[in-house]
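**Q** Sharing my_file-v3.tsv here; it has TSV, C-alpha atoms.
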chain	number	residue	atom	x	y	z
A	1	MET	CA	-43.79	-64.03	101.04
A	2	VAL	CA	-44.44	-67.60	99.99
A	3	THR	CA	-42.11	-70.15	101.52
A	4	SER	CA	-41.85	-73.62	100.03
A	5	GLY	CA	-40.11	-76.95	100.24
A	6	ASN	CA	-40.48	-80.64	99.65
A	7	LEU	CA	-41.47	-83.12	102.34
A	8	PHE	CA	-39.13	-85.76	100.97
A	9	ALA	CA	-36.07	-83.55	100.51
A	10	HIS	CA	-32.94	-83.79	102.63
A	11	LEU	CA	-33.69	-87.21	104.04
A	12	PRO	CA	-30.79	-88.94	105.76
A	13	GLU	CA	-29.26	-91.80	103.82
A	14	SER	CA	-28.44	-93.83	106.91
A	15	PRO	CA	-29.87	-94.23	110.41
A	16	GLN	CA	-29.29	-91.17	112.59
A	17	ALA	CA	-28.75	-90.93	116.31
A	18	GLU	CA	-31.88	-88.84	116.79
A	19	GLU	CA	-35.12	-88.09	115.04
A	20	THR	CA	-35.25	-84.75	113.25
A	21	PHE	CA	-38.02	-82.20	113.79
A	22	GLU	CA	-38.64	-79.23	111.50
A	23	THR	CA	-41.38	-76.64	111.84
A	24	LEU	CA	-42.82	-75.89	108.40
A	25	ALA	CA	-45.60	-73.46	109.31
A	26	GLY	CA	-47.24	-71.80	112.27
A	27	GLY	CA	-45.48	-71.85	115.57
A	28	ALA	CA	-46.76	-68.50	116.78
A	29	ALA	CA	-50.39	-68.95	115.77
A	30	GLY	CA	-51.62	-71.74	118.04
A	31	VAL	CA	-50.82	-74.28	115.37
A	32	ARG	CA	-47.61	-75.93	114.27
A	33	VAL	CA	-47.03	-77.97	111.12
A	34	GLU	CA	-44.02	-80.17	111.61
A	35	ARG	CA	-42.05	-82.72	109.62
A	36	ILE	CA	-40.53	-85.53	111.67
A	37	VAL	CA	-38.04	-88.00	110.22
A	38	SER	CA	-37.37	-91.26	112.05
A	39	THR	CA	-34.69	-93.77	111.16
A	40	GLY	CA	-35.41	-96.63	113.55
A	41	GLN	CA	-35.99	-94.63	116.72
A	42	THR	CA	-38.69	-95.67	119.17
A	43	SER	CA	-40.01	-94.32	122.43
A	44	ALA	CA	-38.20	-95.70	125.46
A	45	GLU	CA	-39.99	-98.40	127.42
A	46	ASP	CA	-42.73	-96.82	129.53
A	47	ASP	CA	-42.05	-93.43	127.98
A	48	TRP	CA	-45.41	-92.01	126.86
A	49	TYR	CA	-46.23	-88.85	124.98
A	50	ASP	CA	-48.87	-86.95	126.95
A	51	GLN	CA	-49.48	-83.68	125.13
A	52	ALA	CA	-51.59	-80.67	126.07
A	53	GLU	CA	-52.48	-80.11	122.43
A	54	SER	CA	-54.33	-82.17	119.88
A	55	GLU	CA	-52.12	-83.76	117.25
A	56	TRP	CA	-53.08	-84.82	113.77
A	57	VAL	CA	-50.28	-87.02	112.47
A	58	ALA	CA	-49.69	-88.95	109.25
A	59	VAL	CA	-46.99	-91.25	107.94
A	60	LEU	CA	-46.10	-90.12	104.42
A	61	ARG	CA	-43.24	-92.52	103.73
A	62	GLY	CA	-41.78	-95.49	105.60
A	63	ALA	CA	-43.50	-97.42	108.35
A	64	ALA	CA	-44.12	-97.21	112.09
A	65	ARG	CA	-46.06	-98.77	114.92
A	66	LEU	CA	-47.85	-96.81	117.58
A	67	GLN	CA	-49.22	-97.91	120.92
A	68	ILE	CA	-52.17	-95.97	122.28
A	69	GLU	CA	-52.96	-96.29	125.96
A	70	GLY	CA	-55.99	-98.45	126.52
A	71	GLU	CA	-55.88	-100.17	123.15
A	72	ASN	CA	-55.14	-103.89	123.01
A	73	ALA	CA	-53.19	-103.92	119.78
A	74	GLU	CA	-50.54	-101.62	118.40
A	75	ARG	CA	-51.42	-99.69	115.28
A	76	SER	CA	-49.31	-100.23	112.17
A	77	LEU	CA	-48.90	-97.14	110.05
A	78	GLY	CA	-47.76	-96.93	106.43
A	79	PRO	CA	-47.86	-94.26	103.75
A	80	GLY	CA	-51.00	-92.15	103.98
A	81	ASP	CA	-52.17	-93.51	107.33
A	82	TRP	CA	-53.22	-90.74	109.70
A	83	LEU	CA	-54.45	-90.49	113.27
A	84	LEU	CA	-56.05	-87.70	115.25
A	85	LEU	CA	-54.78	-87.90	118.81
A	86	PRO	CA	-56.81	-85.77	121.21
A	87	ALA	CA	-54.95	-83.79	123.86
A	88	HIS	CA	-53.67	-86.07	126.63
A	89	CYS	CA	-54.20	-89.24	124.62
A	90	ARG	CA	-51.13	-91.09	125.81
A	91	HIS	CA	-49.20	-92.84	123.09
A	92	ARG	CA	-45.75	-94.15	122.27
A	93	VAL	CA	-43.91	-95.12	119.13
A	94	THR	CA	-42.94	-98.78	119.44
A	95	TRP	CA	-41.20	-99.22	116.10
A	96	THR	CA	-40.02	-97.29	113.05
A	97	SER	CA	-38.44	-98.75	109.95
A	98	GLN	CA	-34.69	-99.09	109.83
A	99	ASP	CA	-34.74	-99.78	106.09
A	100	GLU	CA	-35.76	-96.31	104.99
A	101	PRO	CA	-36.51	-92.99	106.65
A	102	THR	CA	-40.04	-92.66	107.99
A	103	VAL	CA	-41.47	-89.23	107.18
A	104	TRP	CA	-44.24	-88.02	109.48
A	105	LEU	CA	-46.31	-84.91	109.11
A	106	ALA	CA	-47.76	-83.59	112.36
A	107	VAL	CA	-50.16	-80.73	112.99
A	108	HIS	CA	-50.25	-79.66	116.62
A	109	TYR	CA	-53.02	-77.33	117.68
A	110	GLY	CA	-54.46	-76.03	120.87
A	111	GLY	CA	-57.52	-77.05	122.80
A	112	ALA	CA	-59.50	-80.22	122.98
A	113	GLU	CA	-61.16	-81.70	119.93
A	114	ARG	CA	-64.94	-81.46	119.96
B	1	MET	CA	-61.29	-91.18	120.95
B	2	VAL	CA	-58.70	-91.64	118.25
B	3	THR	CA	-60.00	-91.21	114.72
B	4	SER	CA	-57.98	-92.46	111.79
B	5	GLY	CA	-57.90	-92.88	108.04
B	6	ASN	CA	-55.67	-93.03	105.01
B	7	LEU	CA	-54.92	-90.05	102.78
B	8	PHE	CA	-54.95	-92.19	99.65
B	9	ALA	CA	-58.13	-94.14	100.39
B	10	HIS	CA	-61.36	-93.69	98.47
B	11	LEU	CA	-59.83	-91.90	95.51
B	12	PRO	CA	-62.03	-91.59	92.45
B	13	GLU	CA	-61.08	-93.87	89.57
B	14	SER	CA	-62.10	-91.41	86.89
B	15	PRO	CA	-62.32	-87.62	86.56
B	16	GLN	CA	-65.10	-86.14	88.66
B	17	ALA	CA	-67.24	-83.09	88.02
B	18	GLU	CA	-65.97	-81.35	91.14
B	19	GLU	CA	-63.03	-81.45	93.51
B	20	THR	CA	-63.72	-83.16	96.82
B	21	PHE	CA	-62.97	-81.56	100.18
B	22	GLU	CA	-62.85	-83.47	103.48
B	23	THR	CA	-62.06	-82.05	106.89
B	24	LEU	CA	-59.80	-84.48	108.77
B	25	ALA	CA	-59.14	-82.52	111.96
B	26	GLY	CA	-59.92	-79.24	113.65
B	27	GLY	CA	-62.71	-77.13	112.29
B	28	ALA	CA	-63.76	-75.64	115.60
B	29	ALA	CA	-60.30	-74.86	116.95
B	30	GLY	CA	-59.02	-72.12	114.62
B	31	VAL	CA	-57.34	-74.73	112.46
B	32	ARG	CA	-58.59	-77.08	109.80
B	33	VAL	CA	-56.74	-80.02	108.28
B	34	GLU	CA	-58.28	-80.85	104.92
B	35	ARG	CA	-57.79	-83.37	102.15
B	36	ILE	CA	-58.57	-82.09	98.66
B	37	VAL	CA	-58.74	-84.38	95.65
B	38	SER	CA	-58.55	-82.88	92.17
B	39	THR	CA	-59.11	-84.75	88.91
B	40	GLY	CA	-58.25	-82.16	86.30
B	41	GLN	CA	-60.08	-79.19	87.78
B	42	THR	CA	-58.54	-75.73	87.61
B	43	SER	CA	-59.55	-72.30	88.85
B	44	ALA	CA	-61.62	-70.38	86.33
B	45	GLU	CA	-59.83	-67.67	84.37
B	46	ASP	CA	-59.32	-64.62	86.61
B	47	ASP	CA	-60.74	-66.50	89.59
B	48	TRP	CA	-58.30	-66.03	92.48
B	49	TYR	CA	-58.32	-67.48	95.94
B	50	ASP	CA	-57.99	-64.62	98.44
B	51	GLN	CA	-58.23	-66.15	101.90
B	52	ALA	CA	-58.39	-64.51	105.33
B	53	GLU	CA	-56.39	-67.38	106.82
B	54	SER	CA	-52.90	-68.67	106.22
B	55	GLU	CA	-52.76	-71.93	104.29
B	56	TRP	CA	-50.03	-74.53	104.36
B	57	VAL	CA	-50.64	-76.84	101.43
B	58	ALA	CA	-48.83	-79.85	99.99
B	59	VAL	CA	-49.31	-82.12	97.00
B	60	LEU	CA	-49.01	-85.70	98.21
B	61	ARG	CA	-49.83	-87.49	94.98
B	62	GLY	CA	-50.40	-86.34	91.41
B	63	ALA	CA	-49.35	-83.01	89.95
B	64	ALA	CA	-50.58	-79.43	89.77
B	65	ARG	CA	-49.57	-75.95	88.74
B	66	LEU	CA	-50.23	-72.87	90.83
B	67	GLN	CA	-50.09	-69.22	89.88
B	68	ILE	CA	-49.28	-66.76	92.64
B	69	GLU	CA	-50.09	-63.12	92.08
B	70	GLY	CA	-46.96	-61.10	91.39
B	71	GLU	CA	-44.81	-64.07	90.37
B	72	ASN	CA	-43.62	-64.31	86.78
B	73	ALA	CA	-43.74	-68.07	86.46
B	74	GLU	CA	-46.26	-70.65	87.58
B	75	ARG	CA	-45.14	-73.12	90.19
B	76	SER	CA	-45.19	-76.81	89.33
B	77	LEU	CA	-46.02	-79.05	92.26
B	78	GLY	CA	-45.44	-82.78	92.56
B	79	PRO	CA	-45.44	-85.28	95.42
B	80	GLY	CA	-44.06	-83.74	98.60
B	81	ASP	CA	-43.98	-80.16	97.35
B	82	TRP	CA	-45.46	-77.72	99.84
B	83	LEU	CA	-46.16	-74.01	100.02
B	84	LEU	CA	-47.05	-71.68	102.84
B	85	LEU	CA	-49.47	-69.11	101.51
B	86	PRO	CA	-49.90	-66.16	103.87
B	87	ALA	CA	-53.38	-64.76	104.38
B	88	HIS	CA	-54.53	-62.76	101.35
B	89	CYS	CA	-51.80	-64.14	99.11
B	90	ARG	CA	-53.84	-64.37	95.94
B	91	HIS	CA	-53.38	-67.59	94.00
B	92	ARG	CA	-55.08	-69.81	91.49
B	93	VAL	CA	-54.75	-73.40	90.36
B	94	THR	CA	-53.94	-73.35	86.65
B	95	TRP	CA	-53.66	-77.09	86.06
B	96	THR	CA	-54.16	-80.43	87.79
B	97	SER	CA	-53.37	-83.83	86.33
B	98	GLN	CA	-56.08	-85.64	84.42
B	99	ASP	CA	-54.12	-88.91	84.45
B	100	GLU	CA	-54.44	-89.60	88.17
B	101	PRO	CA	-56.11	-87.97	91.16
B	102	THR	CA	-54.09	-85.18	92.74
B	103	VAL	CA	-54.21	-85.43	96.53
B	104	TRP	CA	-53.61	-82.20	98.43
B	105	LEU	CA	-53.26	-81.74	102.14
B	106	ALA	CA	-54.14	-78.27	103.39
B	107	VAL	CA	-53.85	-76.78	106.86
B	108	HIS	CA	-55.83	-73.57	107.24
B	109	TYR	CA	-55.21	-71.50	110.31
B	110	GLY	CA	-56.09	-68.06	111.53
B	111	GLY	CA	-54.11	-64.90	111.66
B	112	ALA	CA	-51.16	-63.64	109.70
B	113	GLU	CA	-47.89	-65.52	109.54
B	114	ARG	CA	-45.03	-63.77	111.31
Render the structure in this file as structure tokens.

**A**
Amino acid sequence: MVTSGNLFAHLPESPQAEETFETLAGGAAGVRVERIVSTGQTSAEDDWYDQAESEWVAVLRGAARLQIEGENAERSLGPGDWLLLPAHCRHRVTWTSQDEPTVWLAVHYGGAER
Amino acid sequence: MVTSGNLFAHLPESPQAEETFETLAGGAAGVRVERIVSTGQTSAEDDWYDQAESEWVAVLRGAARLQIEGENAERSLGPGDWLLLPAHCRHRVTWTSQDEPTVWLAVHYGGAER
């Protein structure tokens, strides 16, 4: 059966208390395709993501800034910008837009990138 | 090392002879994240994709129509529309826009969807 949807559907009209996470595909197959919607949330100070899986992530709408451990400058992300974060590449989200929802697409998958 | 790019960069300004395919992540890990750019190409008559892997695919820019075997009507896809095509779900692309490049994002991954 073919499932379907739209990445820009059901976006909140105002800032929410929490980010939303929806699994669109995978989950049981060593890969997970996920939509994340931020409305101004950021990682807490000194709170780093340190993930056992590789993550390919793109901003499709909105804007965000990401700090990657060991890099001097934060990275600014806008529509279409993508990053491939190897497993255990520590990173944190330092800013997301409060003016409009920021729609991320993330693909999490197992093992280290070659 | 973090690699990065933009999904809407380096788009052709005019119709091209062939679609372009670029692997953005994975490849060796049972998953492949791929950007596809179409400029009016379609599947040949009676030429169906029949893939051993599941494919999650979205149109990020442009427009396309997809025929899925067993469905009465073609599916029209615009920005944000996504489909999860299980392995061996036969499908063909019946139309892509000639007015602007159509940017697809595909995630291919092994095994059947549960």

**Q** Fit chain A to chain B: least squares, all C-alpha atoms, paired in order; write the output as an mmCIF file with C-alpha atoms, keeping the file's coordinate frame.

**A**
data_model
loop_
_atom_site.group_PDB
_atom_site.id
_atom_site.type_symbol
_atom_site.label_atom_id
_atom_site.label_comp_id
_atom_site.auth_asym_id
_atom_site.auth_seq_id
_atom_site.Cartn_x
_atom_site.Cartn_y
_atom_site.Cartn_z
ATOM 1 C CA MET A 1 -61.330 -91.204 120.919
ATOM 2 C CA VAL A 2 -58.733 -91.642 118.211
ATOM 3 C CA THR A 3 -60.031 -91.213 114.689
ATOM 4 C CA SER A 4 -57.997 -92.463 111.751
ATOM 5 C CA GLY A 5 -57.910 -92.892 108.013
ATOM 6 C CA ASN A 6 -55.673 -93.043 105.001
ATOM 7 C CA LEU A 7 -54.922 -90.066 102.777
ATOM 8 C CA PHE A 8 -54.938 -92.210 99.658
ATOM 9 C CA ALA A 9 -58.133 -94.142 100.375
ATOM 10 C CA HIS A 10 -61.367 -93.684 98.457
ATOM 11 C CA LEU A 11 -59.820 -91.902 95.511
ATOM 12 C CA PRO A 12 -62.018 -91.611 92.439
ATOM 13 C CA GLU A 13 -61.059 -93.876 89.569
ATOM 14 C CA SER A 14 -62.093 -91.400 86.897
ATOM 15 C CA PRO A 15 -62.303 -87.618 86.571
ATOM 16 C CA GLN A 16 -65.098 -86.118 88.668
ATOM 17 C CA ALA A 17 -67.228 -83.080 88.023
ATOM 18 C CA GLU A 18 -65.963 -81.333 91.144
ATOM 19 C CA GLU A 19 -63.037 -81.441 93.500
ATOM 20 C CA THR A 20 -63.700 -83.152 96.818
ATOM 21 C CA PHE A 21 -62.951 -81.543 100.182
ATOM 22 C CA GLU A 22 -62.849 -83.453 103.467
ATOM 23 C CA THR A 23 -62.056 -82.038 106.887
ATOM 24 C CA LEU A 24 -59.802 -84.470 108.751
ATOM 25 C CA ALA A 25 -59.149 -82.521 111.950
ATOM 26 C CA GLY A 26 -59.911 -79.235 113.632
ATOM 27 C CA GLY A 27 -62.675 -77.112 112.274
ATOM 28 C CA ALA A 28 -63.740 -75.636 115.593
ATOM 29 C CA ALA A 29 -60.278 -74.843 116.929
ATOM 30 C CA GLY A 30 -59.017 -72.112 114.604
ATOM 31 C CA VAL A 31 -57.323 -74.707 112.456
ATOM 32 C CA ARG A 32 -58.586 -77.064 109.794
ATOM 33 C CA VAL A 33 -56.745 -80.012 108.265
ATOM 34 C CA GLU A 34 -58.284 -80.837 104.934
ATOM 35 C CA ARG A 35 -57.787 -83.365 102.159
ATOM 36 C CA ILE A 36 -58.559 -82.090 98.668
ATOM 37 C CA VAL A 37 -58.735 -84.382 95.648
ATOM 38 C CA SER A 38 -58.545 -82.887 92.162
ATOM 39 C CA THR A 39 -59.092 -84.767 88.931
ATOM 40 C CA GLY A 40 -58.247 -82.160 86.304
ATOM 41 C CA GLN A 41 -60.079 -79.193 87.795
ATOM 42 C CA THR A 42 -58.557 -75.724 87.626
ATOM 43 C CA SER A 43 -59.554 -72.302 88.844
ATOM 44 C CA ALA A 44 -61.630 -70.368 86.331
ATOM 45 C CA GLU A 45 -59.842 -67.661 84.380
ATOM 46 C CA ASP A 46 -59.346 -64.620 86.607
ATOM 47 C CA ASP A 47 -60.765 -66.492 89.580
ATOM 48 C CA TRP A 48 -58.325 -66.023 92.476
ATOM 49 C CA TYR A 49 -58.330 -67.488 95.946
ATOM 50 C CA ASP A 50 -57.999 -64.635 98.438
ATOM 51 C CA GLN A 51 -58.245 -66.149 101.906
ATOM 52 C CA ALA A 52 -58.392 -64.513 105.326
ATOM 53 C CA GLU A 53 -56.392 -67.364 106.817
ATOM 54 C CA SER A 54 -52.911 -68.664 106.217
ATOM 55 C CA GLU A 55 -52.766 -71.923 104.297
ATOM 56 C CA TRP A 56 -50.036 -74.511 104.355
ATOM 57 C CA VAL A 57 -50.642 -76.827 101.416
ATOM 58 C CA ALA A 58 -48.829 -79.848 99.992
ATOM 59 C CA VAL A 59 -49.306 -82.122 97.009
ATOM 60 C CA LEU A 60 -49.003 -85.714 98.218
ATOM 61 C CA ARG A 61 -49.826 -87.506 94.973
ATOM 62 C CA GLY A 62 -50.400 -86.353 91.397
ATOM 63 C CA ALA A 63 -49.360 -83.019 89.965
ATOM 64 C CA ALA A 64 -50.584 -79.429 89.791
ATOM 65 C CA ARG A 65 -49.577 -75.944 88.769
ATOM 66 C CA LEU A 66 -50.231 -72.871 90.831
ATOM 67 C CA GLN A 67 -50.098 -69.220 89.886
ATOM 68 C CA ILE A 68 -49.282 -66.768 92.649
ATOM 69 C CA GLU A 69 -50.104 -63.124 92.087
ATOM 70 C CA GLY A 70 -46.998 -61.119 91.385
ATOM 71 C CA GLU A 71 -44.844 -64.064 90.379
ATOM 72 C CA ASN A 72 -43.649 -64.323 86.785
ATOM 73 C CA ALA A 73 -43.761 -68.081 86.461
ATOM 74 C CA GLU A 74 -46.284 -70.646 87.589
ATOM 75 C CA ARG A 75 -45.144 -73.116 90.204
ATOM 76 C CA SER A 76 -45.198 -76.812 89.338
ATOM 77 C CA LEU A 77 -46.024 -79.051 92.256
ATOM 78 C CA GLY A 78 -45.449 -82.796 92.559
ATOM 79 C CA PRO A 79 -45.445 -85.274 95.419
ATOM 80 C CA GLY A 80 -44.073 -83.746 98.605
ATOM 81 C CA ASP A 81 -43.981 -80.163 97.341
ATOM 82 C CA TRP A 82 -45.457 -77.732 99.851
ATOM 83 C CA LEU A 83 -46.152 -74.015 100.003
ATOM 84 C CA LEU A 84 -47.042 -71.678 102.834
ATOM 85 C CA LEU A 85 -49.469 -69.092 101.511
ATOM 86 C CA PRO A 86 -49.902 -66.150 103.871
ATOM 87 C CA ALA A 87 -53.397 -64.761 104.380
ATOM 88 C CA HIS A 88 -54.536 -62.766 101.341
ATOM 89 C CA CYS A 89 -51.803 -64.131 99.097
ATOM 90 C CA ARG A 90 -53.851 -64.382 95.934
ATOM 91 C CA HIS A 91 -53.376 -67.583 94.007
ATOM 92 C CA ARG A 92 -55.103 -69.821 91.496
ATOM 93 C CA VAL A 93 -54.736 -73.396 90.370
ATOM 94 C CA THR A 94 -53.942 -73.365 86.655
ATOM 95 C CA TRP A 95 -53.655 -77.101 86.076
ATOM 96 C CA THR A 96 -54.146 -80.454 87.791
ATOM 97 C CA SER A 97 -53.369 -83.847 86.336
ATOM 98 C CA GLN A 98 -56.076 -85.655 84.438
ATOM 99 C CA ASP A 99 -54.111 -88.911 84.476
ATOM 100 C CA GLU A 100 -54.439 -89.610 88.177
ATOM 101 C CA PRO A 101 -56.096 -87.976 91.165
ATOM 102 C CA THR A 102 -54.081 -85.187 92.754
ATOM 103 C CA VAL A 103 -54.197 -85.438 96.547
ATOM 104 C CA TRP A 104 -53.590 -82.194 98.428
ATOM 105 C CA LEU A 105 -53.251 -81.744 102.140
ATOM 106 C CA ALA A 106 -54.129 -78.269 103.389
ATOM 107 C CA VAL A 107 -53.849 -76.767 106.853
ATOM 108 C CA HIS A 108 -55.832 -73.565 107.231
ATOM 109 C CA TYR A 109 -55.206 -71.482 110.313
ATOM 110 C CA GLY A 110 -56.057 -68.064 111.550
ATOM 111 C CA GLY A 111 -54.041 -64.893 111.641
ATOM 112 C CA ALA A 112 -51.123 -63.651 109.654
ATOM 113 C CA GLU A 113 -47.841 -65.514 109.570
ATOM 114 C CA ARG A 114 -45.027 -63.767 111.407
#

**Q** List as a list in words the protein and nucleic acid residues near Pro12 (chain B), meaning an atom at most 10 Å away when only C-alpha atoms are counted, but skip any in the same chain fewer than 5 places from it.

**A** Thr20, Val37, Ser38, Thr39, Glu100 and Pro101 of chain B

**Q** I need the residue nearest Ser54 (chain B) from this list: A:Val31, A:Gln98, A:Phe8, A:Arg90. Use only C-alpha atoms for the distance.

**A** A:Val31

**Q** Determine, using only C-alpha atoms, which residues of chain B have any atom at most 7 Å from an atom of chain A, and tabulate each with its shortest atom pair and distance in Å to one decimal place, rows ordered by chain and then rising number, as a Markdown table.

**A**
| residue | atom | partner | partner_atom | distance |
| --- | --- | --- | --- | --- |
| B:Val2 | CA | A:Leu85 | CA | 5.4 |
| B:Thr3 | CA | A:Leu84 | CA | 5.3 |
| B:Ser4 | CA | A:Leu83 | CA | 4.3 |
| B:Gly5 | CA | A:Trp82 | CA | 5.4 |
| B:Asn6 | CA | A:Asp81 | CA | 4.2 |
| B:Leu7 | CA | A:Gly80 | CA | 4.6 |
| B:Phe8 | CA | A:Gly80 | CA | 5.9 |
| B:Ala25 | CA | A:Trp56 | CA | 6.7 |
| B:Gly26 | CA | A:Glu113 | CA | 6.9 |
| B:Ala29 | CA | A:Gly111 | CA | 6.8 |
| B:Trp56 | CA | A:Ala25 | CA | 6.7 |
| B:Gly80 | CA | A:Leu7 | CA | 4.6 |
| B:Asp81 | CA | A:Asn6 | CA | 4.2 |
| B:Trp82 | CA | A:Gly5 | CA | 5.4 |
| B:Leu83 | CA | A:Ser4 | CA | 4.3 |
| B:Leu84 | CA | A:Thr3 | CA | 5.3 |
| B:Leu85 | CA | A:Val2 | CA | 5.5 |
| B:Pro86 | CA | A:Val2 | CA | 6.9 |
| B:Gly111 | CA | A:Ala29 | CA | 6.9 |
| B:Glu113 | CA | A:Gly26 | CA | 6.9 |

**Q** Could you tell me which of A:Leu11, A:Ala44, A:Ala17, A:Leu66 comes closest to Thr96 (chain A) if we count all atoms listed in the file?

**A**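 Going through A:Leu11, A:Ala44, A:Ala17, A:Leu66 one by one, the smallest distance to Thr96 (chain A) is for A:Leu66.
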